[in-house]
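Undergrad: What follows is my_file10.cif, made up of mmCIF, C-alpha atoms:
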data_model
#
loop_
_atom_site.label_atom_id
_atom_site.label_comp_id
_atom_site.auth_asym_id
_atom_site.auth_seq_id
_atom_site.Cartn_x
_atom_site.Cartn_y
_atom_site.Cartn_z
CA MET A 1 -6.31 11.95 -114.40
CA VAL A 2 -5.87 15.69 -115.10
CA GLY A 3 -2.34 16.83 -114.27
CA ARG A 4 -0.31 20.03 -114.88
CA ARG A 5 2.73 20.50 -117.02
CA THR A 6 5.58 22.58 -115.59
CA ASP A 7 4.26 25.58 -117.52
CA GLY A 8 0.88 25.17 -115.82
CA THR A 9 -1.14 23.89 -118.78
CA ALA A 10 -3.50 20.99 -118.16
CA VAL A 11 -2.68 17.53 -119.46
CA ASN A 12 -4.63 14.28 -119.33
CA ARG A 13 -2.19 11.80 -117.84
CA PRO A 14 -2.79 8.06 -118.13
CA LEU A 15 -3.45 6.19 -114.91
CA SER A 16 -1.56 3.01 -114.19
CA PRO A 17 -3.85 -0.02 -114.52
CA HIS A 18 -5.77 -0.73 -111.34
CA LEU A 19 -8.91 -2.74 -110.51
CA GLN A 20 -10.21 -2.65 -114.09
CA VAL A 21 -7.41 -4.89 -115.37
CA TYR A 22 -8.10 -7.69 -112.90
CA ASP A 23 -10.54 -10.51 -113.38
CA MET A 24 -12.03 -10.48 -109.89
CA LEU A 25 -13.23 -14.04 -110.33
CA GLN A 26 -9.69 -15.38 -110.35
CA MET A 27 -8.74 -16.95 -107.06
CA THR A 28 -5.71 -14.80 -106.27
CA SER A 29 -7.47 -11.42 -106.27
CA ALA A 30 -10.65 -12.87 -104.74
CA MET A 31 -8.63 -14.31 -101.85
CA SER A 32 -6.80 -11.00 -101.44
CA ILE A 33 -9.92 -8.86 -101.05
CA SER A 34 -11.59 -11.58 -98.95
CA HIS A 35 -8.72 -11.41 -96.46
CA ARG A 36 -9.40 -7.70 -96.07
CA ILE A 37 -13.18 -8.11 -95.84
CA THR A 38 -12.91 -10.90 -93.25
CA GLY A 39 -10.56 -8.68 -91.23
CA VAL A 40 -13.14 -5.88 -91.18
CA VAL A 41 -16.00 -8.30 -90.42
CA TRP A 42 -14.03 -9.89 -87.58
CA SER A 43 -13.80 -6.40 -86.00
CA LEU A 44 -17.58 -6.58 -85.63
CA GLY A 45 -17.20 -9.98 -83.98
CA ALA A 46 -14.73 -8.43 -81.54
CA ILE A 47 -17.42 -5.94 -80.51
CA VAL A 48 -19.72 -8.87 -79.65
CA MET A 49 -16.89 -10.37 -77.57
CA VAL A 50 -16.65 -7.07 -75.66
CA TRP A 51 -20.43 -7.14 -75.11
CA TRP A 52 -20.20 -10.75 -73.84
CA LEU A 53 -17.36 -9.93 -71.40
CA VAL A 54 -18.94 -6.70 -70.14
CA ALA A 55 -22.30 -8.44 -69.70
CA ALA A 56 -20.65 -11.25 -67.74
CA ALA A 57 -19.07 -8.65 -65.43
CA SER A 58 -22.32 -6.69 -65.13
CA GLY A 59 -24.40 -9.50 -63.68
CA PRO A 60 -26.76 -12.42 -64.35
CA ALA A 61 -29.49 -10.33 -66.04
CA ALA A 62 -27.17 -8.71 -68.60
CA PHE A 63 -25.46 -12.06 -69.18
CA ALA A 64 -28.80 -13.80 -69.74
CA THR A 65 -29.63 -11.18 -72.39
CA VAL A 66 -26.41 -11.68 -74.36
CA GLN A 67 -26.66 -15.48 -74.08
CA GLY A 68 -30.28 -15.25 -75.25
CA VAL A 69 -29.34 -13.21 -78.31
CA LEU A 70 -26.34 -15.39 -79.22
CA GLY A 71 -28.35 -18.56 -78.60
CA SER A 72 -31.20 -17.50 -80.89
CA PHE A 73 -31.43 -18.71 -84.50
CA LEU A 74 -29.94 -15.48 -85.87
CA GLY A 75 -27.34 -15.45 -83.09
CA ILE A 76 -26.13 -18.94 -83.95
CA LEU A 77 -26.14 -18.03 -87.66
CA PHE A 78 -24.02 -14.99 -86.79
CA LEU A 79 -21.63 -17.09 -84.69
CA ILE A 80 -21.22 -19.69 -87.46
CA ALA A 81 -20.48 -16.92 -89.97
CA MET A 82 -18.07 -15.34 -87.50
CA THR A 83 -16.31 -18.68 -86.91
CA ALA A 84 -15.79 -19.11 -90.66
CA THR A 85 -14.66 -15.48 -90.94
CA ALA A 86 -12.18 -15.92 -88.10
CA TRP A 87 -10.70 -19.15 -89.47
CA PHE A 88 -10.45 -17.73 -92.99
CA HIS A 89 -8.64 -14.61 -91.76
CA THR A 90 -6.43 -16.69 -89.44
CA LEU A 91 -5.39 -19.16 -92.16
CA GLY A 92 -5.07 -16.35 -94.72
CA GLY A 93 -2.91 -14.52 -92.17
CA ILE A 94 -0.61 -17.55 -91.87
CA ARG A 95 -0.41 -17.56 -95.70
CA HIS A 96 0.58 -13.88 -95.63
CA LEU A 97 3.19 -14.49 -92.91
CA ILE A 98 4.75 -17.24 -95.05
CA TRP A 99 4.82 -14.80 -97.99
CA ASP A 100 6.34 -12.13 -95.72
CA ALA A 101 9.09 -14.63 -94.87
CA GLY A 102 9.79 -14.86 -98.60
CA HIS A 103 8.30 -18.24 -99.46
CA GLY A 104 5.56 -19.51 -101.76
CA TYR A 105 5.47 -16.79 -104.42
CA ASP A 106 5.48 -19.03 -107.51
CA MET A 107 2.03 -19.43 -109.06
CA PRO A 108 1.54 -23.16 -108.29
CA SER A 109 2.35 -22.47 -104.61
CA VAL A 110 0.04 -19.44 -104.54
CA TYR A 111 -2.87 -21.53 -105.81
CA ARG A 112 -1.99 -24.46 -103.55
CA SER A 113 -1.88 -22.26 -100.41
CA GLY A 114 -5.11 -20.57 -101.53
CA HIS A 115 -6.87 -23.91 -101.80
CA MET A 116 -5.43 -24.93 -98.43
CA VAL A 117 -6.90 -21.79 -96.83
CA LEU A 118 -10.34 -22.50 -98.33
CA ILE A 119 -10.35 -26.18 -97.36
CA GLY A 120 -8.86 -25.38 -93.96
CA THR A 121 -11.56 -22.78 -93.29
CA ALA A 122 -14.29 -25.32 -94.08
CA VAL A 123 -12.65 -28.06 -91.99
CA LEU A 124 -11.90 -25.84 -88.97
CA THR A 125 -15.36 -24.23 -89.02
CA ALA A 126 -17.03 -27.65 -89.16
CA ALA A 127 -14.66 -29.00 -86.48
CA THR A 128 -15.35 -26.04 -84.17
CA TRP A 129 -19.11 -26.56 -84.34
CA LEU A 130 -18.77 -30.34 -84.11
CA LEU A 131 -16.73 -29.80 -80.93
CA LEU A 132 -19.42 -27.45 -79.66
CA PHE A 133 -22.27 -29.88 -80.29
CA LEU A 134 -20.32 -32.85 -78.89
CA SER A 135 -19.52 -30.83 -75.73
CA ARG A 136 -23.14 -30.00 -75.01
CA MET B 1 47.20 29.10 -91.11
CA ASN B 2 43.92 30.69 -92.07
CA ASP B 3 43.29 28.08 -94.79
CA MET B 4 42.43 25.49 -92.12
CA SER B 5 38.67 25.90 -91.84
CA PRO B 6 37.13 24.33 -88.75
CA ALA B 7 35.37 20.98 -89.17
CA PRO B 8 31.59 21.38 -89.61
CA ARG B 9 29.96 21.37 -86.25
CA PRO B 10 27.44 18.49 -85.97
CA THR B 11 23.95 19.80 -85.36
CA ARG B 12 22.56 16.40 -84.36
CA LEU B 13 24.03 13.95 -81.91
CA ARG B 14 22.45 10.93 -83.63
CA SER B 15 24.42 9.37 -86.45
CA ALA B 16 23.04 9.36 -89.97
CA LEU B 17 22.56 5.59 -89.73
CA GLY B 18 20.77 5.94 -86.40
CA ARG B 19 18.34 8.41 -87.92
CA ALA B 20 17.81 6.30 -91.02
CA ARG B 21 16.99 3.12 -89.10
CA GLY B 22 13.26 2.63 -88.81
CA ALA B 23 12.55 6.04 -90.36
CA GLY B 24 11.81 6.05 -94.05
CA SER B 25 10.19 8.81 -96.03
CA ALA B 26 7.03 8.47 -93.92
CA LYS B 27 9.12 9.30 -90.81
CA SER B 28 7.72 6.33 -88.95
CA GLY B 29 9.39 3.59 -90.94
CA VAL B 30 8.19 0.06 -90.92
CA GLN B 31 6.95 -0.21 -87.32
CA HIS B 32 3.32 -0.20 -88.42
CA TRP B 33 3.92 -3.04 -90.90
CA TRP B 34 5.91 -5.02 -88.34
CA GLY B 35 3.33 -4.34 -85.63
CA LEU B 36 0.60 -5.99 -87.68
CA ARG B 37 2.77 -9.06 -88.31
CA VAL B 38 3.99 -9.44 -84.74
CA THR B 39 0.50 -9.03 -83.24
CA SER B 40 -0.88 -11.51 -85.80
CA LEU B 41 1.76 -14.04 -84.78
CA ALA B 42 0.90 -13.57 -81.09
CA LEU B 43 -2.82 -13.76 -81.83
CA LEU B 44 -2.52 -17.14 -83.58
CA PRO B 45 -2.25 -19.30 -80.41
CA LEU B 46 -4.54 -16.95 -78.46
CA THR B 47 -7.26 -17.17 -81.12
CA PHE B 48 -7.07 -20.96 -81.27
CA TRP B 49 -7.24 -21.08 -77.46
CA PHE B 50 -10.18 -18.67 -77.18
CA ILE B 51 -12.37 -20.17 -79.93
CA LEU B 52 -11.70 -23.78 -78.92
CA SER B 53 -12.17 -23.01 -75.19
CA LEU B 54 -15.60 -21.51 -75.82
CA ALA B 55 -16.57 -24.21 -78.33
CA ALA B 56 -15.58 -26.91 -75.83
CA SER B 57 -17.81 -25.50 -73.09
CA PRO B 58 -21.12 -24.31 -74.57
CA GLY B 59 -24.07 -23.55 -72.34
CA MET B 60 -21.96 -22.40 -69.40
CA THR B 61 -24.02 -20.81 -66.66
CA HIS B 62 -23.20 -17.28 -65.53
CA ALA B 63 -21.39 -18.64 -62.47
CA GLU B 64 -19.36 -21.05 -64.62
CA VAL B 65 -18.41 -18.24 -67.01
CA LEU B 66 -17.30 -16.07 -64.06
CA GLY B 67 -15.22 -18.98 -62.81
CA TRP B 68 -13.64 -19.50 -66.23
CA ILE B 69 -12.82 -15.80 -66.83
CA GLY B 70 -11.67 -15.41 -63.23
CA HIS B 71 -9.17 -18.28 -63.40
CA PRO B 72 -5.74 -16.54 -63.29
CA LEU B 73 -4.42 -18.29 -66.41
CA ASN B 74 -7.54 -17.51 -68.44
CA ALA B 75 -7.65 -13.91 -67.17
CA VAL B 76 -4.03 -13.29 -68.20
CA LEU B 77 -4.54 -14.86 -71.63
CA LEU B 78 -7.79 -12.91 -72.09
CA LEU B 79 -6.08 -9.62 -71.22
CA ALA B 80 -3.24 -10.39 -73.63
CA MET B 81 -5.72 -11.34 -76.34
CA ILE B 82 -7.80 -8.18 -75.77
CA GLY B 83 -4.78 -5.86 -76.03
CA LEU B 84 -3.38 -7.62 -79.10
CA THR B 85 -6.78 -7.96 -80.78
CA PHE B 86 -7.58 -4.27 -80.64
CA HIS B 87 -4.01 -3.23 -81.48
CA HIS B 88 -4.18 -5.47 -84.57
CA THR B 89 -7.73 -4.35 -85.41
CA ALA B 90 -6.86 -0.64 -85.19
CA ALA B 91 -3.70 -1.11 -87.26
CA GLY B 92 -5.50 -3.22 -89.86
CA LEU B 93 -8.53 -0.92 -90.21
CA GLN B 94 -6.10 2.02 -90.49
CA VAL B 95 -4.55 0.42 -93.59
CA VAL B 96 -8.01 -0.15 -95.11
CA ILE B 97 -9.04 3.48 -94.44
CA GLU B 98 -5.76 4.85 -95.79
CA ASP B 99 -6.21 2.82 -98.97
CA TYR B 100 -9.80 3.86 -99.71
CA ALA B 101 -10.30 7.33 -98.17
CA HIS B 102 -8.75 9.89 -100.47
CA VAL B 103 -9.87 13.13 -98.79
CA GLU B 104 -7.23 13.94 -96.21
CA TRP B 105 -9.51 15.08 -93.38
CA MET B 106 -11.78 12.05 -93.86
CA LYS B 107 -8.76 9.75 -93.76
CA MET B 108 -7.50 11.36 -90.58
CA ALA B 109 -10.94 11.43 -88.94
CA GLY B 110 -11.52 7.79 -89.86
CA VAL B 111 -8.19 6.59 -88.50
CA LEU B 112 -8.59 8.59 -85.28
CA ALA B 113 -12.16 7.33 -84.80
CA VAL B 114 -11.04 3.73 -85.28
CA LYS B 115 -8.16 4.19 -82.83
CA ALA B 116 -10.46 5.79 -80.25
CA ALA B 117 -13.10 3.06 -80.64
CA CYS B 118 -10.50 0.28 -80.39
CA ALA B 119 -8.90 1.85 -77.31
CA LEU B 120 -12.28 2.20 -75.56
CA LEU B 121 -13.40 -1.33 -76.49
CA ALA B 122 -10.09 -2.74 -75.25
CA LEU B 123 -10.39 -0.81 -71.97
CA ALA B 124 -14.01 -1.86 -71.46
CA SER B 125 -13.29 -5.56 -72.00
CA ALA B 126 -10.09 -5.45 -69.93
CA LEU B 127 -12.01 -3.79 -67.09
CA ALA B 128 -14.67 -6.52 -67.35
CA VAL B 129 -12.05 -9.27 -67.08
CA LEU B 130 -10.30 -7.52 -64.17
CA ARG B 131 -13.58 -6.97 -62.29
CA ILE B 132 -14.32 -10.67 -62.57
CA ALA B 133 -10.79 -11.88 -61.87
CA ILE B 134 -9.85 -9.64 -58.94
#
Please lay out the structure from this file as structure tokens.

TA:
Amino acid sequence: MVGRRTDGTAVNRPLSPHLQVYDMLQMTSAMSISHRITGVVWSLGAIVMVWWLVAAASGPAAFATVQGVLGSFLGILFLIAMTATAWFHTLGGIRHLIWDAGHGYDMPSVYRSGHMVLIGTAVLTAATWLLLFLSR
Amino acid sequence: MNDMSPAPRPTRLRSALGRARGAGSAKSGVQHWWGLRVTSLALLPLTFWFILSLAASPGMTHAEVLGWIGHPLNAVLLLAMIGLTFHHTAAGLQVVIEDYAHVEWMKMAGVLAVKAACALLALASALAVLRIAI
């Protein structure tokens, strides 16, 4: 980064290490950016929830449209992806709350909680859709 | 007697500690950070309730959905979830924008656009729930 000395002359200052020093395939950083990405993606899911609620209030025709879209192959694919996104961000959020409370910072705990989030996401996503199919 | 100078007149009524509390160098302190945590905590039970409620009753007809949304308990929980969801979403997206947008006007425009969108989406869904429930 080009900075200025106090006398105004230019100087190339070193940047502190950032993304380039991380191996993005390690679980810790991958989980970190995934928490962010799932948060952004879930925002899109929230828009669909708004559409669903507004359509329900609008009347049977609008509601049939939204149910038709969400019940299509792509709609169900979207909902499954959104369920996994939601559970990942929810469990990752619990992990962050535990960190915020000051616990689980040692590396074995970080990896253990990371694995728990991944396994929990798979289990809860499968359980949600099992519940859905059993309730049909 | 002239060597007794008067005590400095306070220009603010708030104490130094009172001003320091909750107001760091950013002038808004840690409310934003706490807001994300508190809304996330409140959203935990609401999210479990919403996802599992919908998963447990697929294929509801329009009339059944109106009945479910219109039930007072569900309507109250939905309204709480809507407000908290979009508060949390706006606060979270703001952090993402602030981290990645480095041009000041773009950062400000992005954050304001997100806040406006979240406010409108929250109002639209809250109105939908209220129209059904009332």

Undergrad: For the provided coordinates, the residues matched by the PyMOL selection byres ((chain A and resi 78-87) around 7) should be stated as a list of chain:residue names.

TA: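 Applied to this file, the PyMOL selection byres ((chain A and resi 78-87) around 7) selects A:Thr38, A:Trp42, A:Gly45, A:Leu74, A:Gly75, A:Ile76, A:Leu77, A:Phe88, A:His89, A:Thr90, A:Leu91, A:Thr121, A:Leu124, A:Thr125.
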
Undergrad: Exactly which residues make up the result of the PyMOL selection byres ((chain B and resi 46) around 10) on this file, given as a PyMOL selection string?

TA: chain B and resi 40-45+47-52+77-78+80-82+84-85

Undergrad: Could you produce a table of the residues of chain B lying within 7 Å of chain A, with the nearest pair of atoms per residue and their separation in Å rounded to one decimal, using all atoms listed in the file, ordered by chain and increasing residue number, as a Markdown table?

TA:
| residue | atom | partner | partner_atom | distance |
| --- | --- | --- | --- | --- |
| B:Leu52 | CA | A:Thr128 | CA | 6.8 |
| B:Ala55 | CA | A:Leu132 | CA | 4.5 |
| B:Ala56 | CA | A:Leu132 | CA | 5.5 |
| B:Ser57 | CA | A:Ser135 | CA | 6.2 |
| B:Pro58 | CA | A:Arg136 | CA | 6.1 |
| B:His62 | CA | A:Pro60 | CA | 6.1 |
| B:Leu66 | CA | A:Ala56 | CA | 6.9 |
| B:Thr89 | CA | A:Ser43 | CA | 6.4 |
| B:Leu93 | CA | A:Val40 | CA | 6.8 |
| B:Leu121 | CA | A:Val50 | CA | 6.6 |
| B:Ser125 | CA | A:Val50 | CA | 5.2 |
| B:Ala128 | CA | A:Val54 | CA | 5.1 |
| B:Val129 | CA | A:Leu53 | CA | 6.9 |
| B:Arg131 | CA | A:Ala57 | CA | 6.5 |
| B:Ile132 | CA | A:Ala57 | CA | 5.9 |

Undergrad: Evaluating the PyMOL selection byres ((chain A and resi 108-118) around 8) on the displayed file yields which residues, as a ChimeraX atom specification?

TA: /A:27-28,31,88,91-92,95,104-107,119-122

Undergrad: Figure out the distance between CA of Val66 in chain A and CA of Ala63 in chain B, please, to one decimal in Å.

TA: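 Pair CA of Ala63 in chain B / CA of Val66 in chain A returns 14.7 Å.
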
Undergrad: If you measure from CA of Gly35 in chain B to CA of Ser34 in chain A, what distance in Å do you get, rounded to one decimal?

TA: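 Here the two named atoms are 21.3 Å from each other.
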
Undergrad: Just how far from CA of Leu44 in chain A is CA of Leu127 in chain B, in Å to one decimal?

TA: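 Atom-to-atom, CA of Leu127 in chain B to CA of Leu44 in chain A, that is 19.6 Å.
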
Undergrad: Pull the neighbourhood of (-6.3, 0.5, -91.9) for me: all residues within 10 Å in file coordinates, counting all atoms listed in the file, as a ChimeraX atom specification.

TA: /A:36,40 /B:88-100,107,110-111,114-115
